[in-house]
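Participant: Structure file upload.txt (compact mmCIF, C-alpha atoms) is given on the next line.
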```txt
# COMPACT_ATOMS: atom_id res chain seq x y z
CA MET M 729 -19.04 14.03 74.80
CA TYR M 730 -21.10 10.85 74.60
CA ARG M 731 -21.58 9.06 71.29
CA LEU M 732 -24.41 6.54 70.99
CA TYR M 733 -24.55 4.24 67.97
CA THR M 734 -27.75 2.22 68.02
CA HIS M 735 -30.29 0.36 65.91
CA ASN M 736 -33.02 2.12 63.90
CA ASP M 737 -35.94 0.07 65.29
CA LEU M 738 -38.09 0.90 68.33
CA ASP M 739 -35.66 -0.67 70.81
CA GLY M 740 -32.69 1.12 69.27
CA VAL M 741 -34.47 4.47 69.18
CA GLY M 742 -35.63 3.82 72.74
CA CYS M 743 -31.95 3.79 73.64
CA GLY M 744 -31.52 7.12 71.88
CA ILE M 745 -34.41 8.65 73.84
CA VAL M 746 -33.02 7.39 77.15
CA ALA M 747 -29.60 8.80 76.23
CA LYS M 748 -31.08 12.19 75.29
CA ILE M 749 -32.87 12.34 78.65
CA ALA M 750 -29.64 11.42 80.47
CA PHE M 751 -27.15 13.62 78.62
CA GLY M 752 -29.15 16.26 76.76
CA LYS M 753 -26.97 18.16 74.28
CA ASP M 754 -23.87 16.27 75.45
CA VAL M 755 -24.75 13.18 73.40
CA GLU M 756 -24.60 12.53 69.68
CA VAL M 757 -26.96 9.75 68.60
CA ARG M 758 -26.70 7.89 65.31
CA TYR M 759 -29.30 5.35 64.22
CA ASN M 760 -28.04 2.51 62.05
CA SER M 761 -29.28 -0.53 60.18
CA VAL M 762 -27.80 -3.91 61.06
CA MET M 763 -25.52 -3.75 58.04
CA GLY M 764 -24.69 -0.05 58.39
CA LEU M 765 -23.11 0.01 61.85
CA ASP M 766 -19.67 -1.29 60.92
CA HIS M 767 -19.26 1.34 58.20
CA GLN M 768 -20.12 4.06 60.73
CA ILE M 769 -17.65 2.68 63.27
CA GLU M 770 -14.90 2.56 60.63
CA LYS M 771 -15.54 6.22 59.77
CA LEU M 772 -15.48 7.10 63.45
CA PHE M 773 -12.05 5.55 63.89
CA GLU M 774 -10.63 7.76 61.15
CA ASN M 775 -10.43 10.40 63.89
CA GLU M 776 -9.28 8.10 66.68
CA LYS M 777 -7.50 10.89 68.60
CA LYS M 778 -10.79 12.75 69.10
CA LEU M 779 -12.54 9.49 69.92
CA LYS M 780 -10.31 8.92 72.95
CA ASP M 781 -11.85 11.97 74.59
CA ASP M 782 -15.40 10.69 74.06
CA PHE M 783 -17.51 7.93 75.61
CA LEU M 784 -18.66 5.55 72.87
CA ILE M 785 -21.78 3.46 73.56
CA ILE M 786 -23.13 0.89 71.10
CA THR M 787 -26.57 -0.57 71.78
CA ASP M 788 -28.82 -3.19 70.18
CA LEU M 789 -26.23 -3.97 67.48
CA SER M 790 -23.01 -5.96 67.13
CA VAL M 791 -19.79 -5.09 65.33
CA ASN M 792 -17.71 -7.30 63.06
CA ASP M 793 -14.38 -8.86 64.05
CA GLU M 794 -12.30 -5.98 62.65
CA ASN M 795 -14.21 -3.37 64.63
CA LEU M 796 -14.18 -5.60 67.70
CA ILE M 797 -10.39 -5.40 67.65
CA ARG M 798 -10.52 -1.63 67.15
CA LEU M 799 -12.86 -1.19 70.11
CA ASP M 800 -10.78 -3.44 72.33
CA ASP M 801 -7.60 -1.55 71.47
CA LEU M 802 -9.38 1.74 72.16
CA GLU M 803 -10.51 0.55 75.59
CA LYS M 804 -7.08 -0.85 76.45
CA GLY M 805 -5.56 2.46 75.42
CA GLY M 806 -7.66 4.37 77.91
CA GLY M 807 -10.73 5.04 75.78
CA LYS M 808 -14.26 4.67 77.11
CA VAL M 809 -16.35 2.05 75.32
CA ARG M 810 -19.52 0.12 76.16
CA LEU M 811 -21.41 -2.34 73.98
CA ILE M 812 -24.82 -3.07 75.49
CA ASP M 813 -26.94 -5.71 73.78
CA HIS M 814 -29.52 -8.42 74.47
CA HIS M 815 -29.13 -10.80 71.52
CA LYS M 816 -27.86 -14.31 72.09
CA THR M 817 -25.54 -13.96 69.10
CA ALA M 818 -23.71 -11.14 70.94
CA LEU M 819 -22.86 -13.03 74.14
CA HIS M 820 -19.19 -13.38 73.13
CA PHE M 821 -18.75 -9.64 73.75
CA ASN M 822 -18.97 -10.42 77.47
CA ASP M 823 -15.41 -11.74 77.13
CA TYR M 824 -14.30 -8.11 76.92
CA ASN M 825 -14.29 -5.51 79.68
CA TRP M 826 -16.46 -3.18 77.63
CA GLY M 827 -19.10 -5.77 76.72
CA ARG M 828 -22.40 -5.91 78.61
CA VAL M 829 -24.71 -8.47 77.00
CA LYS M 830 -27.64 -10.03 78.84
CA VAL M 831 -30.43 -12.01 77.21
CA GLN M 832 -32.63 -12.74 80.22
CA TYR M 833 -33.22 -11.41 83.72
CA ASP M 834 -33.03 -13.65 86.77
CA ASP M 835 -36.83 -13.71 87.01
CA GLY M 836 -37.14 -15.13 83.49
CA ARG M 837 -38.13 -11.91 81.68
CA LEU M 838 -36.31 -11.21 78.43
CA THR M 839 -34.19 -8.09 78.24
CA ALA M 840 -34.15 -5.30 75.69
CA ALA M 841 -31.36 -2.91 74.76
CA THR M 842 -33.40 0.03 76.09
CA SER M 843 -33.95 -1.58 79.48
CA LEU M 844 -30.28 -2.62 79.76
CA LEU M 845 -29.02 0.87 78.86
CA TYR M 846 -31.43 2.47 81.32
CA GLU M 847 -30.28 0.15 84.10
CA TYR M 848 -26.62 0.83 83.24
CA LEU M 849 -27.18 4.61 83.46
CA LEU M 850 -29.07 4.25 86.75
CA GLU M 851 -26.31 2.06 88.15
CA HIS M 852 -23.70 4.72 87.36
CA GLU M 853 -25.96 7.60 88.47
CA LEU M 854 -25.99 9.09 84.98
CA ILE M 855 -29.78 9.40 84.81
CA LYS M 856 -32.65 10.02 87.23
CA SER M 857 -35.58 7.62 87.20
CA SER M 858 -39.18 8.77 86.83
CA GLN M 859 -42.53 7.04 86.55
CA ALA M 860 -42.99 8.14 82.94
CA LEU M 861 -39.51 6.96 81.99
CA ASP M 862 -39.96 3.63 83.76
CA GLU M 863 -43.25 3.09 81.91
CA PHE M 864 -41.76 4.00 78.54
CA VAL M 865 -38.77 1.65 78.97
CA GLU M 866 -41.06 -1.22 79.99
CA LEU M 867 -43.32 -0.67 76.98
CA VAL M 868 -40.31 -0.84 74.67
CA ARG M 869 -39.03 -3.98 76.42
CA GLN M 870 -42.38 -5.74 76.24
CA TYR M 871 -42.82 -4.96 72.57
CA ASP M 872 -39.30 -5.96 71.56
CA THR M 873 -39.50 -9.26 73.44
CA TRP M 874 -43.11 -9.83 72.31
CA GLU M 875 -44.25 -10.09 75.94
CA TRP M 876 -46.97 -7.59 75.09
CA ASP M 877 -48.79 -10.34 73.23
CA GLN M 878 -48.65 -12.71 76.21
CA ASN M 879 -49.69 -9.91 78.59
CA ASP M 880 -52.26 -8.41 76.20
CA ASN M 881 -50.46 -5.08 76.58
CA ILE M 882 -51.84 -3.30 73.52
CA LYS M 883 -50.20 -0.06 74.63
CA ALA M 884 -46.76 -1.53 73.87
CA LYS M 885 -47.88 -2.52 70.37
CA ASN M 886 -49.41 0.93 69.87
CA LEU M 887 -46.07 2.51 70.74
CA ASN M 888 -44.40 0.57 67.93
CA ASP M 889 -47.25 1.44 65.54
CA LEU M 890 -46.77 5.11 66.33
CA PHE M 891 -43.02 4.75 65.82
CA PHE M 892 -43.58 3.68 62.21
CA MET M 893 -46.14 6.41 61.51
CA VAL M 894 -43.71 9.31 61.99
CA SER M 895 -40.05 9.96 61.28
CA ILE M 896 -37.41 8.82 63.78
CA GLU M 897 -36.53 12.45 64.49
CA GLU M 898 -40.13 13.41 65.25
CA PHE M 899 -40.72 10.31 67.37
CA GLU M 900 -37.51 10.90 69.35
CA GLU M 901 -38.31 14.56 69.98
CA LYS M 902 -41.94 13.98 70.99
CA MET M 903 -41.26 11.03 73.28
CA THR M 904 -38.29 12.70 74.96
CA GLU M 905 -40.28 15.85 75.71
CA ARG M 906 -43.28 13.83 76.91
CA ILE M 907 -41.26 11.70 79.30
CA ILE M 908 -39.49 14.72 80.78
CA ASN M 909 -42.70 16.74 81.28
CA SER M 910 -45.22 14.06 82.29
CA ASP M 911 -45.94 12.09 85.42
CA HIS M 912 -47.03 9.07 83.36
CA PHE M 913 -46.41 7.98 79.79
CA GLU M 914 -49.62 8.32 77.75
CA PHE M 915 -50.67 8.92 74.15
CA ASP M 916 -52.53 12.13 73.34
CA ASP M 917 -56.02 12.20 71.75
CA PHE M 918 -54.71 12.77 68.23
CA GLU M 919 -52.32 9.84 68.52
CA GLN M 920 -55.11 7.61 69.82
CA LYS M 921 -57.19 8.38 66.75
CA LEU M 922 -54.26 7.72 64.45
CA LEU M 923 -53.61 4.40 66.19
CA GLU M 924 -57.23 3.31 65.74
CA MET M 925 -56.99 4.00 62.02
CA GLU M 926 -53.64 2.22 61.81
CA GLU M 927 -55.04 -0.87 63.53
CA GLU M 928 -57.77 -1.16 60.90
CA LYS M 929 -55.17 -0.77 58.16
CA ILE M 930 -53.00 -3.51 59.66
CA GLU M 931 -55.97 -5.90 59.91
CA ARG M 932 -56.79 -5.43 56.22
CA TYR M 933 -53.14 -5.93 55.26
CA VAL M 934 -52.81 -9.13 57.28
CA ARG M 935 -56.03 -10.56 55.81
CA ARG M 936 -54.71 -10.00 52.30
CA LYS M 937 -51.35 -11.59 53.05
CA LYS M 938 -53.00 -14.68 54.54
CA ARG M 939 -54.20 -15.52 51.04
CA GLU M 940 -50.66 -15.29 49.63
CA ILE M 941 -48.66 -17.48 52.02
CA VAL M 942 -46.79 -20.46 50.53
CA GLN M 943 -45.85 -23.59 52.48
CA THR M 944 -42.72 -25.69 52.00
CA PHE M 945 -40.06 -27.61 53.88
CA ILE M 946 -36.66 -25.93 54.16
CA GLY M 947 -34.29 -28.26 55.94
CA GLU M 948 -36.01 -29.81 58.94
CA TYR M 949 -38.61 -27.07 59.29
CA CYS M 950 -42.00 -26.56 57.67
CA ALA M 951 -41.98 -22.89 56.74
CA GLY M 952 -44.61 -20.42 55.60
CA ILE M 953 -43.27 -17.85 53.14
CA VAL M 954 -44.90 -14.56 52.23
CA HIS M 955 -43.80 -11.36 50.49
CA ALA M 956 -44.46 -8.19 52.48
CA GLU M 957 -42.89 -4.78 52.92
CA SER M 958 -44.77 -3.68 56.03
CA TYR M 959 -45.94 -4.81 59.45
CA HIS M 960 -43.55 -7.76 59.71
CA SER M 961 -44.03 -8.33 63.43
CA GLU M 962 -47.81 -8.19 63.30
CA LEU M 963 -47.90 -10.32 60.17
CA GLY M 964 -45.54 -12.94 61.56
CA ASN M 965 -47.49 -13.19 64.80
CA GLU M 966 -50.92 -13.49 63.17
CA LEU M 967 -49.77 -15.98 60.53
CA GLY M 968 -48.07 -18.06 63.21
CA LYS M 969 -51.30 -18.22 65.22
CA ASP M 970 -53.48 -18.97 62.19
CA PHE M 971 -51.13 -21.66 60.88
CA PRO M 972 -49.69 -23.34 64.00
CA HIS M 973 -48.53 -26.33 61.97
CA LEU M 974 -45.85 -24.11 60.44
CA ASP M 975 -42.57 -24.02 62.34
CA TYR M 976 -41.82 -20.44 61.35
CA ILE M 977 -42.87 -17.65 59.01
CA ALA M 978 -40.38 -16.13 56.56
CA ILE M 979 -41.36 -12.63 55.43
CA LEU M 980 -39.55 -11.49 52.28
CA ASN M 981 -38.87 -7.87 51.42
CA LEU M 982 -37.40 -7.99 47.91
CA GLY M 983 -37.04 -4.23 47.71
CA GLY M 984 -34.93 -4.15 50.86
CA LYS M 985 -33.31 -7.53 50.05
CA LYS M 986 -34.11 -8.76 53.55
CA ILE M 987 -35.86 -11.70 55.20
CA SER M 988 -37.59 -11.52 58.57
CA PHE M 989 -38.21 -14.74 60.49
CA ARG M 990 -40.93 -15.14 63.11
CA THR M 991 -42.13 -18.10 65.17
CA ILE M 992 -44.60 -18.69 67.99
CA HIS M 993 -43.06 -22.04 68.94
CA ASP M 994 -40.59 -22.71 71.73
CA HIS M 995 -38.96 -25.62 69.88
CA VAL M 996 -37.84 -23.35 67.01
CA ASP M 997 -35.01 -20.81 67.27
CA VAL M 998 -35.24 -18.56 64.22
CA SER M 999 -32.03 -16.77 65.19
CA ALA M 1000 -30.30 -20.04 64.25
CA VAL M 1001 -32.20 -20.08 60.94
CA ALA M 1002 -31.14 -16.49 60.20
CA GLY M 1003 -27.60 -17.31 61.34
CA LYS M 1004 -27.21 -19.73 58.43
CA PHE M 1005 -27.50 -16.74 56.11
CA GLY M 1006 -25.32 -14.34 58.07
CA GLY M 1007 -28.13 -12.83 60.16
CA GLY M 1008 -29.30 -13.16 63.73
CA GLY M 1009 -31.66 -11.83 66.35
CA HIS M 1010 -33.97 -13.39 68.91
CA ALA M 1011 -35.20 -16.96 69.23
CA LYS M 1012 -38.67 -15.89 68.09
CA ALA M 1013 -37.82 -12.94 65.85
CA SER M 1014 -34.76 -12.53 63.67
CA GLY M 1015 -33.64 -11.53 60.21
CA CYS M 1016 -30.96 -11.64 57.55
CA SER M 1017 -29.99 -10.10 54.26
CA MET M 1018 -31.15 -11.88 51.14
CA GLY M 1019 -27.92 -13.25 49.73
CA LYS M 1020 -27.55 -15.76 46.91
CA ASP M 1021 -28.28 -18.86 49.00
CA ALA M 1022 -31.25 -17.32 50.78
CA TYR M 1023 -32.66 -16.03 47.49
CA LYS M 1024 -32.54 -19.50 45.94
CA LEU M 1025 -34.23 -21.20 48.90
CA PHE M 1026 -36.88 -18.62 49.73
CA VAL M 1027 -37.59 -17.01 46.34
CA GLN M 1028 -36.37 -18.97 43.34
CA ASP M 1029 -37.33 -22.46 44.54
CA ILE M 1030 -40.65 -21.22 45.97
CA PHE M 1031 -41.85 -19.20 42.98
CA PRO M 1032 -43.60 -22.10 41.14
CA LEU M 1033 -45.60 -23.10 44.25
CA ASP M 1034 -49.23 -22.08 44.75
CA PRO M 1035 -50.37 -20.33 47.93
CA MET M 1036 -51.89 -22.44 50.68
CA ARG M 1037 -55.62 -23.09 50.44
CA GLN M 1038 -57.39 -21.32 53.28
CA ASP M 1039 -59.57 -23.12 55.82
CA ALA M 1040 -63.28 -22.49 55.42
CA PHE M 1041 -64.52 -19.83 57.84
CA ARG M 1042 -67.96 -18.98 59.20
CA ASN M 1043 -68.84 -22.66 59.19
CA LYS M 1044 -71.73 -23.67 61.41
CA TYR M 1045 -71.02 -27.39 61.53
CA ASN M 1046 -67.54 -28.24 60.24
CA ASN M 1047 -65.33 -26.63 62.86
CA LYS M 1048 -61.94 -27.49 64.28
CA SER M 1049 -61.73 -29.67 67.40
CA SER M 1050 -65.37 -30.73 67.03
CA MET M 1051 -65.98 -33.96 68.92
CA GLN M 1052 -68.29 -35.05 66.08
CA GLY M 1053 -65.44 -34.70 63.62
CA SER M 1054 -63.73 -32.18 61.34
CA LEU M 1055 -63.38 -32.74 57.60
CA TYR M 1056 -60.39 -31.71 55.46
CA GLU M 1057 -59.47 -32.12 51.82
CA ASN M 1058 -56.30 -31.78 49.73
CA LYS M 1059 -55.61 -30.93 46.08
CA LYS M 1060 -55.79 -34.62 45.10
CA GLY M 1061 -59.33 -34.84 46.45
CA ASP M 1062 -58.39 -37.01 49.44
CA LYS M 1063 -60.71 -36.60 52.44
CA PHE M 1064 -59.30 -36.45 55.97
CA PHE M 1065 -61.64 -36.89 58.92
CA ILE M 1066 -60.49 -36.11 62.48
CA PHE M 1067 -62.79 -37.15 65.33
CA ALA M 1068 -62.62 -37.93 69.03
CA ALA M 1069 -62.89 -41.56 70.15
CA GLY M 1070 -62.45 -40.70 73.82
CA GLU M 1071 -60.40 -38.42 76.05
CA ASP M 1072 -56.87 -37.91 74.68
CA ASN M 1073 -57.78 -40.18 71.77
CA TRP M 1074 -58.25 -38.50 68.38
CA ILE M 1075 -58.62 -40.62 65.26
CA LEU M 1076 -57.45 -39.53 61.80
CA GLU M 1077 -58.97 -41.25 58.78
CA MET M 1078 -57.90 -40.75 55.16
CA ASN M 1079 -60.58 -41.73 52.65
CA GLY M 1080 -62.27 -43.81 55.34
CA LYS M 1081 -59.18 -45.67 56.53
CA PRO M 1082 -57.31 -44.95 59.81
CA VAL M 1083 -53.94 -43.22 59.46
CA ARG M 1084 -51.23 -44.05 62.02
CA GLU M 1085 -51.96 -44.45 65.72
CA PRO M 1086 -54.49 -42.24 67.57
CA TYR M 1087 -53.35 -38.75 68.49
CA GLN M 1088 -53.43 -37.26 71.98
CA ASN M 1089 -55.13 -34.09 70.79
CA PHE M 1090 -56.75 -32.55 67.75
CA GLN M 1091 -53.87 -30.19 66.99
CA GLN M 1092 -51.40 -33.05 66.51
CA ALA M 1093 -53.67 -34.70 63.96
CA GLU M 1094 -54.30 -31.45 62.09
CA ASN M 1095 -50.60 -30.62 62.05
CA TYR M 1096 -49.89 -33.97 60.43
CA ILE M 1097 -52.28 -33.54 57.48
CA LYS M 1098 -51.42 -29.88 56.97
CA ARG M 1099 -47.67 -30.47 56.96
CA LYS M 1100 -47.76 -33.67 54.90
CA ASP M 1101 -50.77 -33.13 52.64
CA GLN M 1102 -51.46 -29.37 52.83
CA ALA M 1103 -55.11 -30.14 53.55
CA TRP M 1104 -57.72 -27.50 54.38
CA LEU M 1105 -60.96 -27.41 56.35
CA VAL M 1106 -63.87 -27.75 53.89
CA HIS M 1107 -67.16 -25.86 53.82
CA ASP M 1108 -70.30 -27.04 55.58
CA ASP M 1109 -72.04 -28.33 52.43
CA ILE M 1110 -69.21 -30.78 51.70
CA TYR M 1111 -69.09 -31.77 55.37
CA VAL M 1112 -72.83 -32.49 55.60
CA GLU M 1113 -72.77 -34.59 52.42
CA PHE M 1114 -69.75 -36.51 53.76
CA LEU M 1115 -71.49 -37.24 57.06
CA LYS M 1116 -74.53 -38.57 55.25
CA ARG M 1117 -72.41 -41.12 53.42
CA TYR M 1118 -70.28 -41.78 56.52
CA TYR M 1119 -73.24 -42.71 58.74
CA ILE M 1120 -74.89 -44.78 56.01
CA LYS M 1121 -71.65 -46.71 55.63
CA THR M 1122 -71.28 -47.31 59.39
CA LYS M 1123 -74.90 -48.55 59.66
CA ASN M 1124 -74.38 -51.02 56.86
```
Have the structure of the file written as structure tokens, please.
Facilitator:
Amino acid sequence: MYRLYTHNDLDGVGCGIVAKIAFGKDVEVRYNSVMGLDHQIEKLFENEKKLKDDFLIITDLSVNDENLIRLDDLEKGGGKVRLIDHHKTALHFNDYNWGRVKVQYDDGRLTAATSLLYEYLLEHELIKSSQALDEFVELVRQYDTWEWDQNDNIKAKNLNDLFFMVSIEEFEEKMTERIINSDHFEFDDFEQKLLEMEEEKIERYVRRKKREIVQTFIGEYCAGIVHAESYHSELGNELGKDFPHLDYIAILNLGGKKISFRTIHDHVDVSAVAGKFGGGGHAKASGCSMGKDAYKLFVQDIFPLDPMRQDAFRNKYNNKSSMQGSLYENKKGDKFFIFAAGEDNWILEMNGKPVREPYQNFQQAENYIKRKDQAWLVHDDIYVEFLKRYYIKTKN
């Protein structure tokens, strides 16, 4: 008997689907939250004699130190154990015979628990490959590592959307049957329609949350903080793109007492941020429980702050990166003017006076005023009036 204990997200359930295809009725799959795994492992060891006859596989999750010792003793005593993971915080499990943790492939692609489990089963001839199965595993990997966004692979994102639209049991059953009976992995017509409707719903949700984001410095990082119960990955990605001056986005779920961290920047490792509060994950996507310290920093201290003012949109004249100049304003009424004085030479003026040395590009100058002064791009009417006074002043 095989026992698979895995995460309850798309990557974790992907492992369950691969295991069901490999072992059929000879596998028992349990889906767990990050905090729930250790309790399940403790219960499992209450019947350790039976466990020695089974093959225990843990994917996409890590165990605590007490359960690590239990698993190591089980393996040393002749039991069959494998922990297969792709998180950097789990690399220490490679010190044990039963640990198989790999963050990145030799070609630079990031791994996922589903792809690692599939490769392990192929290596030991416990599963037969197929085109549909290969395609499914790659979709899961690309979504979990966020490569879908770089590759514009909307199908991978749609798979995750569909995952959240049905129960885990229904998703597992449908995907398993589809992979087994199809030459290629595709969505049916009904699912396509559902996905179109879901995409519109996500867009409306993200637009609303953009108006609620709060900016502050927490430690060395400039963070954007927003409360949301749904669509954390999509929200984190869109907010990161819209506000590139922010080092990371913290998405708070007070009902679930959890914080999700997302970043689009290579210089920020949000798994290290989450690690300070007992969490972990990937460099660009991680999370933690909302303990006392995290609650104070991300909720209590932030509550009095107002949301960020949004940049004007649908402007005809005052646009970002305009060689003629872009005008910003802050709550104090200060005016910030960014304009090009030549190639790789962008000037920032505050109330008509130069600020610091020239910048190499527009984004550097904008980042400075947004991080330091929380300035926003003003509407065309204010911009036109400013230019009138600006040119009169320069002529005189």
Participant: Go ahead and compute the interatomic distance for CA of Ala860 (chain M) and CA of Lys830 (chain M), in Å to one decimal.
Facilitator: 24.1 Å
Participant: Select, from M:Ala978, M:Leu854, M:Gln1088, M:Glu948, the residue with the minimum atom-to-atom distance to Gly752 (chain M), counting all atoms listed in the file.
Facilitator: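 Among M:Ala978, M:Leu854, M:Gln1088, M:Glu948, it is M:Leu854 that comes nearest to Gly752 (chain M).
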Participant: If we count only C-alpha atoms and set the cut-off at 9 Å, which residues sit around Tyr959 (chain M), ignoring sequence neighbours fewer than 3 positions away in its own chain? Please answer as a ChimeraX atom specification.
Facilitator: /M:889,930,933-934,956,962-964
Participant: Those residues with C-alpha atoms, as an mmCIF file, keeping the file's coordinate frame please?
Facilitator:
```
data_model
loop_
_atom_site.group_PDB
_atom_site.id
_atom_site.type_symbol
_atom_site.label_atom_id
_atom_site.label_comp_id
_atom_site.auth_asym_id
_atom_site.auth_seq_id
_atom_site.Cartn_x
_atom_site.Cartn_y
_atom_site.Cartn_z
ATOM 1 C CA ASP M 889 -47.250 1.440 65.540
ATOM 2 C CA ILE M 930 -53.000 -3.510 59.660
ATOM 3 C CA TYR M 933 -53.140 -5.930 55.260
ATOM 4 C CA VAL M 934 -52.810 -9.130 57.280
ATOM 5 C CA ALA M 956 -44.460 -8.190 52.480
ATOM 6 C CA GLU M 962 -47.810 -8.190 63.300
ATOM 7 C CA LEU M 963 -47.900 -10.320 60.170
ATOM 8 C CA GLY M 964 -45.540 -12.940 61.560
#
```
Participant: Could you check which of M:Arg1084, M:Lys1059, M:Lys1048, M:Lys748 is closest to Glu900 (chain M), using all atoms listed in the file?
Facilitator: M:Lys748
Participant: Hey, what's within 9 Å of Leu861 (chain M) if we count only C-alpha atoms and toss same-chain stuff fewer than 2 positions away? As a list of chain:residue names, please?
Facilitator: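 In the requested form, the answer reads M:Val746, M:Ser857, M:Ser858, M:Gln859, M:Glu863, M:Phe864, M:Val865, M:Glu866, M:Ile907, M:Ile908, M:Asp911, M:His912, M:Phe913.
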Participant: Just how far from CA of Leu738 (chain M) is CA of Phe891 (chain M), in Å to one decimal?
Facilitator: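 Those two atoms sit 6.7 Å apart.
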Participant: Give as a list of chain:residue names the set of residues within 10 Å of the point (-58.5, -22.7, 46.7), where distances use the file's coordinates and only C-alpha atoms.
Facilitator: M:Arg939, M:Asp1034, M:Pro1035, M:Met1036, M:Arg1037, M:Gln1038, M:Asp1039, M:Ala1040, M:Asn1058, M:Lys1059, M:Trp1104
